[in-house]
Each structure stands twice: as C-alpha cells, then as structure tokens.
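Notes follow the structure.
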Amino acid sequence: MEQGLSRTRARDLDKFIEVHLLPNTSFRTEVKAAIKIICDFLKERCFRGATHPVRVSKVVKGGSSGKGTALKGRSDADLVVFLNNLHSFEDQLERRGEFIEEIRKQLCNFQRELHIWVKIEVQSSWWPNPRALSFKLSSFQHQQEVEFDVLPAYDVLGQLNYIKPHPQIYADLIRECTSLGKEGEFSTCFTELQRNFLKSRPTKLKSLIRLVKHWYQLCKEKLGKPLPQQYALELLTVYAWERGSGVTEFNTAQGFRTVLELVVEYRQLRIYWTEYYDFQHEDVSKYLLRQLRKDRPVILDPADPTGNVAGSNSVGWQRLAEEALAWLQYPCFKSWDGSRVPPWDVPMEVEFPYLEVDENWTCILL
C-alpha cells in the first residue's frame, strides 16, 4: 500500500481513495446494525441487575465511525456511556473502573444470547482503574473488524440542544483538570462536540482526512513509536482546508501536500478554534492564554481547551517531519507535466486577541 500511494500521480489520488480507503458499503451497514444493538444494550439493559441504581442518560458514538472518516479495514469507534451517577469530572476519574467492570461482565453475558453476524472479543485490561473497555467486532463475511472502546463519562453537556456550551462548563473543567493534574483527561465528556466538529464537513474533506490517516498509518508501520496522535493530523487537515481552500471541491494533492508541509514546520504550529469556547469568560481566557503560549507545536482540541493534542512529543514530531519531507518528493505531488503541485497558502499559527491583564489578573478583551 505504501508503494501504491507513493507511486500514485497527483491526478489519481481521488481514485486511490475511492478504491483503497473508502470502507466497504455492506460491511459498514453490517457494523452499523451491530453498533445499534450494542448501544441499545448499554442504554437499556447493561445496568439492570447492578447492585446500585445506575442511569444511562445517553450513549454517543465517536471515533472514526462516528465522525465519518473510517478507513477501509481499519475502523474504530468510541461508545461513550454517559451516566447520571457521575456528578463531576473527579467523580468520573474515581468511579470509572467499577462501571467498566460491570459493562465487561454484562457484555460477556450478552454475547451468549446474540444471534448477529459478528463476533465480540472483549480485551482484558491490566490497569486497576482503566479508562475504557476495549473490544472487537469481527465480520465473518467480510473478514474485517472494528475496534471499540466503551468509556463511562460524566454527562456535563446534558441533552445537547445548543451550538456552544455555556462557558461556565469550561471554567469548571479547567478548575478540576488543573487541580487534579489531569489536563486532557476528560475529553470523552465532549465527544458529541468532537464528532459534530468533523461530521458536518464536506465529503471530500473527509476523503482527504482518510488519505492523511492512511499516510500516518504507513509512517507508523515503518517508524513505530513514538509518533504524534493521529487526531492531531486530522485536526491539522481540517485547519489546512479551512485556511487554504474552504470549498467543497478542491485539488486533493494540494490539500495533502499542505498537510505534510505543516508537519514539516511543526515547530511553528499554534492552532486552535473558538467554535465551542473562546476568550469571553475570564477564567477560560486566562487559561487559553497560558495554553497558547506553551512551547510549540500547540493544537488545541476544538471541544476541550485542556487537550493539546500536539502534546510534548518533540521526538515523534521530528521523526514524522523527516518522513513528510521525503514524501514531498514522491509522484503523488507531481502534475502531469512533472511540476510539483503547489500547496495552499496557510499560516502556521492562529493569532489570539490581545488581553490586557491588571494586577488582580482581570482580563479585558480589547
């Protein structure tokens, strides 16, 4: 597959995505039906026999399946189980283990009565307080599998019937994360926002994300760990498209090259969005300023300001940048006449507003 992509001409990248990266339609339908069965089980039956009353407010599908960016033969999904029994982020941290154990036990029992066309393989965890329960759905017909993580979460957003959460939600998140030393730990609570951020994007942008993810997986197979988070590359792709194109139809090779150029210049990256949080709330503003002034690369999760998905993995970024630099010479970035496809003109950083801070640390947006 590496040779297939690296030898593909720029004009043929769309065809490469269509043939090699788009999931099998019948398998996707099959998995969707199985997911529904499991979601219904988690919401309606899983905790029915628990020793103490547990109420599931909703089950949200995240991951590539939820966002619409799954790769052929390499799907993953997060099933986030929001529990009314959790009343704070700290509560989630302390009690998630007991809920995961109950889900594991009930899911194993539930599999015995299933008569669906997939196999459920529950993965064991060696951690005393695991963050997620992992399992696989395997298709006998298509010889493909989907990896799942089931994650209990505090339902901080409630029934999401608004576009932008109240800023106090983020102020509370920041306060608890910093006091616990667990920044980025509670991104699962904002799964709906992460999913919505990507799900509504144009189909061709999702195809470009698939291409970048495929390239990332090739790098991972070749280089091993450490590498930056794949999610960072997904967000980098969205950013490149927003700032460099913004239209539903665009040149895939240009988009692909732009993302790799950004990877090469990772030391300059400072990227964030204000779709769900911004500088209007004093506590959130002060925190955002601290985040954005950290050593680069900085790519903030658009749904969770405490999550810098670019991380502090400078070694991983350096290795990925070297690989990206080599790939930029490949035929997939060359036009029919042999010239190199130009990248989009995209800034390496997003400016943030100047905030005047007085002696009492009161921020005034100017």
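Chain labels run A, B, ... following the order of the structure tokens; each chain numbers its residues from 1, and ligands are numbered from 1 in the order shown.
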
Contact check, stretch 25-69 of chain A to stretch 187-209 of chain A, at most 9 Å, counting only C-alpha atoms, closest pairs as a Markdown table:
```
| residue | atom | partner | partner_atom | distance |
| --- | --- | --- | --- | --- |
| A:Val60 | CA | A:Glu192 | CA | 6.9 |
| A:Lys61 | CA | A:Thr191 | CA | 8.0 |
| A:Gly62 | CA | A:Arg195 | CA | 6.0 |
| A:Gly63 | CA | A:Arg195 | CA | 7.7 |
| A:Ser64 | CA | A:Arg195 | CA | 8.7 |
| A:Gly66 | CA | A:Arg195 | CA | 6.3 |
| A:Lys67 | CA | A:Lys199 | CA | 4.7 |
| A:Gly68 | CA | A:Lys199 | CA | 6.0 |
| A:Thr69 | CA | A:Lys206 | CA | 5.7 |
```

### Message
Which residues are close to stretch 246-251 of chain A, i.e. within 12 Å by only C-alpha atoms, leaving aside same-chain residues fewer than 4 positions away? Reply as a PyMOL selection string.
### Response
chain A and resi 10-14+200-208+237-242+255-258+332-333+335+341-344+346

### Query
From the set A:Trp215, A:Tyr170, A:Tyr266, A:Trp327, which residue has the shortest atom-to-atom contact distance to A:Asp304, counting only C-alpha atoms?
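Using only C-alpha atoms, the shortest distance to A:Asp304 belongs to A:Tyr170.
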
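The neighbours of A:Lys58 here are the residues that come within 7 Å of it, using only C-alpha atoms and leaving out any residue fewer than 6 positions away in the same chain; they are Lys43, Val81 and Phe82 of chain A.
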
Selection export as a PDB file, in the first residue's frame, atoms kept: N, CA, C and O atoms:
```pdb
ATOM      1  N   LYS A  43     -27.605   1.150  26.944  1.00  0.00           N
ATOM      2  CA  LYS A  43     -28.508   2.148  27.495  1.00  0.00           C
ATOM      3  C   LYS A  43     -29.652   1.532  28.287  1.00  0.00           C
ATOM      4  O   LYS A  43     -30.058   2.054  29.335  1.00  0.00           O
ATOM      5  N   VAL A  81     -20.525   6.143  27.234  1.00  0.00           N
ATOM      6  CA  VAL A  81     -21.729   5.905  28.029  1.00  0.00           C
ATOM      7  C   VAL A  81     -21.817   6.997  29.085  1.00  0.00           C
ATOM      8  O   VAL A  81     -21.009   7.040  30.029  1.00  0.00           O
ATOM      9  N   PHE A  82     -22.776   7.892  28.937  1.00  0.00           N
ATOM     10  CA  PHE A  82     -22.936   8.995  29.881  1.00  0.00           C
ATOM     11  C   PHE A  82     -23.850   8.547  31.022  1.00  0.00           C
ATOM     12  O   PHE A  82     -24.976   8.089  30.785  1.00  0.00           O
TER      13      PHE A  82
END
```

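Remark: for A:Leu260, the closest of the candidate residues A:Leu211, A:Val350, A:Ala303, A:Val80 is A:Leu211 (distances computed over only C-alpha atoms).
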
### Message
Report, in Å with one decimal, the straight-line distance from atom CA of A:Leu269 to atom CA of A:Pro297.
### Response
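The value is 4.8 Å.
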
### Backbone DSSP call of helix (DSSP H, G or I) for stretch 49-262 of chain A, listed as a PyMOL selection string
chain A and resi 63-67+89-112+167-180+187-199+203-223+230-244+252-262

### Query
Which distance in Å separates atom CA of A:Asn308 and atom CA of A:Asp149, to one decimal?
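Separating atom CA of A:Asn308 from atom CA of A:Asp149 is a distance of 21.2 Å.
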
### Task
Counting only C-alpha atoms, figure out which residue out of A:Val264, A:Leu71, A:Leu328, A:Ala310 gets nearest to A:Gln217.
A:Leu71

#### Entry: Residue nearest A:Asp295 among A:Ser314, A:Gly97, A:Leu262, A:Lys72 (counting only C-alpha atoms)
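Of all the options, A:Ser314 lies closest to A:Asp295.
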
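Proximity ranking of A:Pro152, A:Gly316, A:Pro305, A:Pro347 relative to A:Glu261 places A:Pro347 first, based on only C-alpha atoms.
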
### Exercise: A:Gln318 partners within 10 Å, only C-alpha atoms, chain neighbours under 4 positions left out, as a PyMOL selection string
chain A and resi 227-228+263-267+313-314+322-324

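Atom CA of A:Cys108 sits 16.3 Å away from atom CA of A:Leu151.
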
### Task
Can you pull out every residue within 9 Å of stretch 288-290 of chain A, counting only C-alpha atoms, but drop anything in the same chain fewer than 5 positions away, and send it as a ChimeraX atom specification?
/A:278-279,283,305-306,352,355
